[in-house]
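**Student:** Attaching a single structure in structure tokens format; questions to follow.
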Amino acid sequence: MNAETIAVGSEMLTPYRQDTNSLYLTEKLNELGVEMRFKSVVGDNSDDLTAAAKLAMRRSDIIILIGGLGPTEDDLTREAVAEALGLKLQRDPEVLAKLEERFAKRGYKMSANNAKQADVLTGAIVLLTQTGRPQDSGSAESMTVRSAS
């Protein structure tokens, strides 16, 4: 079994940010006997992300995209993967409720753009991280999807 990571974000293409996430994932996957075959960094461009995801699907058993799941206009990972897989996005009420709860616990009303983080690929399993423990690594949930291709 082999894997690849795609780090997402134009900031990752500058000399000021390093992709340390793929190093950590490589270590953990290697411990499980999974060979890391490719690593790439893609800026905040939907067409480029879709093309990178499609290429990864042709050559790797496991593909992990890192980043681009937040609420801003340049967070395009979920849309690009939906396009690459030919899937739709749907708003997940449980994820949305957890987001709203997270903001409320901090004394804030969630702004509308944050609801985008509750959009989930059809058929995906959401990997909920908001389980009551301190969460300081962002508010977007991860998801996993098995592709037939």
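Residue numbers start at 1 in each chain; chains themselves are named A, B, ... in the order of the structure tokens; ligands are numbered from 1 in the order shown.
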Would you mind writing down, as a PyMOL selection string, each residue of range 62-142 of chain A that DSSP on the backbone assigns to helix (DSSP H, G or I)?

**Tutor:** chain A and resi 77-85+93-105+112-118

**Student:** For range 109-112 of chain A, find every residue with an atom within 12 Å (counting only C-alpha atoms), except residues of its own chain fewer than 3 positions away, and show them as a PyMOL selection string.

**Tutor:** chain A and resi 71-72+96-106+115-118+139

**Student:** Counting only C-alpha atoms, which of A:Arg59, A:Lys54, A:Arg78, A:Lys39 gets nearest to Ala7 in chain A?

**Tutor:**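 Smallest distance to Ala7 in chain A is found for A:Lys39.
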
**Student:** Which residues, written as JSON, numbers by chain, have at least one atom at most 6 Å from range 64-69 of chain A, with only C-alpha atoms counted and residues fewer than 2 positions away on the same chain left out?

**Tutor:** {"A": [5, 6, 7, 8, 75, 76, 77, 140]}

**Student:** When you draw a straight line from CA of Tyr108 in chain A to CA of Asp92 in chain A, how long is it in Å?

**Tutor:**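 Value for the CA of Tyr108 in chain A-CA of Asp92 in chain A distance: 20.9 Å.
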
**Student:** Counting only C-alpha atoms, figure out which residue out of A:Ser142, A:Val126, A:Pro93, A:Arg37 gets nearest to Asp61 in chain A.

**Tutor:** A:Arg37

**Student:** Between A:Glu4, A:Asp119, A:Ser22, A:Met12, which is the closest to Arg58 in chain A once you count only C-alpha atoms?

**Tutor:**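 Residue with the minimum atom-to-atom distance to Arg58 in chain A: A:Glu4.
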
**Student:** CA of Gly123 in chain A and CA of Ala53 in chain A are how many Å apart?

**Tutor:** 17.5 Å

**Student:** Could you state the separation of CA of Ala51 in chain A and CA of Ala124 in chain A in Å, given to one decimal place?

**Tutor:**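 So the answer is 20.3 Å.
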
**Student:** Apply DSSP to the backbone of this structure and, from range 16-123 of chain A, keep only the residues in strand (DSSP E); write these as an NGL selection string.

**Tutor:** :A and (35-42 or 62-66 or 89-91 or 119-121)

**Student:** Excluding Thr122 in chain A and its own-chain neighbours fewer than 4 positions away, which residues fall within 9 Å of it when counting only C-alpha atoms? Please give them as a PDB file with N, CA and C atoms, in the first residue's frame.

**Tutor:**
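Written file, result-v4.pdb:
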ATOM      1  N   ALA A  82     -14.473  17.305  -4.385  1.00  0.00           N
ATOM      2  CA  ALA A  82     -15.808  16.951  -4.887  1.00  0.00           C
ATOM      3  C   ALA A  82     -15.790  16.897  -6.414  1.00  0.00           C
ATOM      4  N   LEU A  87     -18.458  14.069  -6.915  1.00  0.00           N
ATOM      5  CA  LEU A  87     -19.405  14.007  -5.807  1.00  0.00           C
ATOM      6  C   LEU A  87     -19.982  15.385  -5.519  1.00  0.00           C
ATOM      7  N   LYS A  88     -21.080  15.401  -4.808  1.00  0.00           N
ATOM      8  CA  LYS A  88     -21.683  16.651  -4.372  1.00  0.00           C
ATOM      9  C   LYS A  88     -21.299  16.915  -2.919  1.00  0.00           C
ATOM     10  N   LEU A  89     -21.410  18.170  -2.536  1.00  0.00           N
ATOM     11  CA  LEU A  89     -21.238  18.560  -1.144  1.00  0.00           C
ATOM     12  C   LEU A  89     -22.618  18.757  -0.524  1.00  0.00           C
ATOM     13  N   GLN A  90     -22.761  18.350   0.713  1.00  0.00           N
ATOM     14  CA  GLN A  90     -24.020  18.563   1.421  1.00  0.00           C
ATOM     15  C   GLN A  90     -23.707  19.093   2.813  1.00  0.00           C
ATOM     16  N   VAL A 145     -13.176   9.559   2.531  1.00  0.00           N
ATOM     17  CA  VAL A 145     -14.062   8.992   1.519  1.00  0.00           C
ATOM     18  C   VAL A 145     -13.307   7.914   0.767  1.00  0.00           C
TER      19      VAL A 145
END

**Student:** With only C-alpha atoms as the basis for distance, which of A:Ile63, A:Ala80, A:Ile125, A:Met1 is at the shortest distance from Asn30 in chain A?

**Tutor:**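 The shortest atom-to-atom distance to Asn30 in chain A comes from A:Met1.
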
**Student:** Using only C-alpha atoms, pick whichever of A:Leu13, A:Ala3, A:Val95, A:Leu127 has the shortest atom-to-atom distance to Gly43 in chain A.

**Tutor:**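 Answer, going by the shortest atom-to-atom distance: A:Leu13.
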
**Student:** Restricting the calculation to only C-alpha atoms, which member of A:Gly70, A:Pro15, A:Leu85, A:Gly33 is positioned closest to Met57 in chain A?

**Tutor:**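 With only C-alpha atoms as the atom set, the closest residue is A:Leu85.
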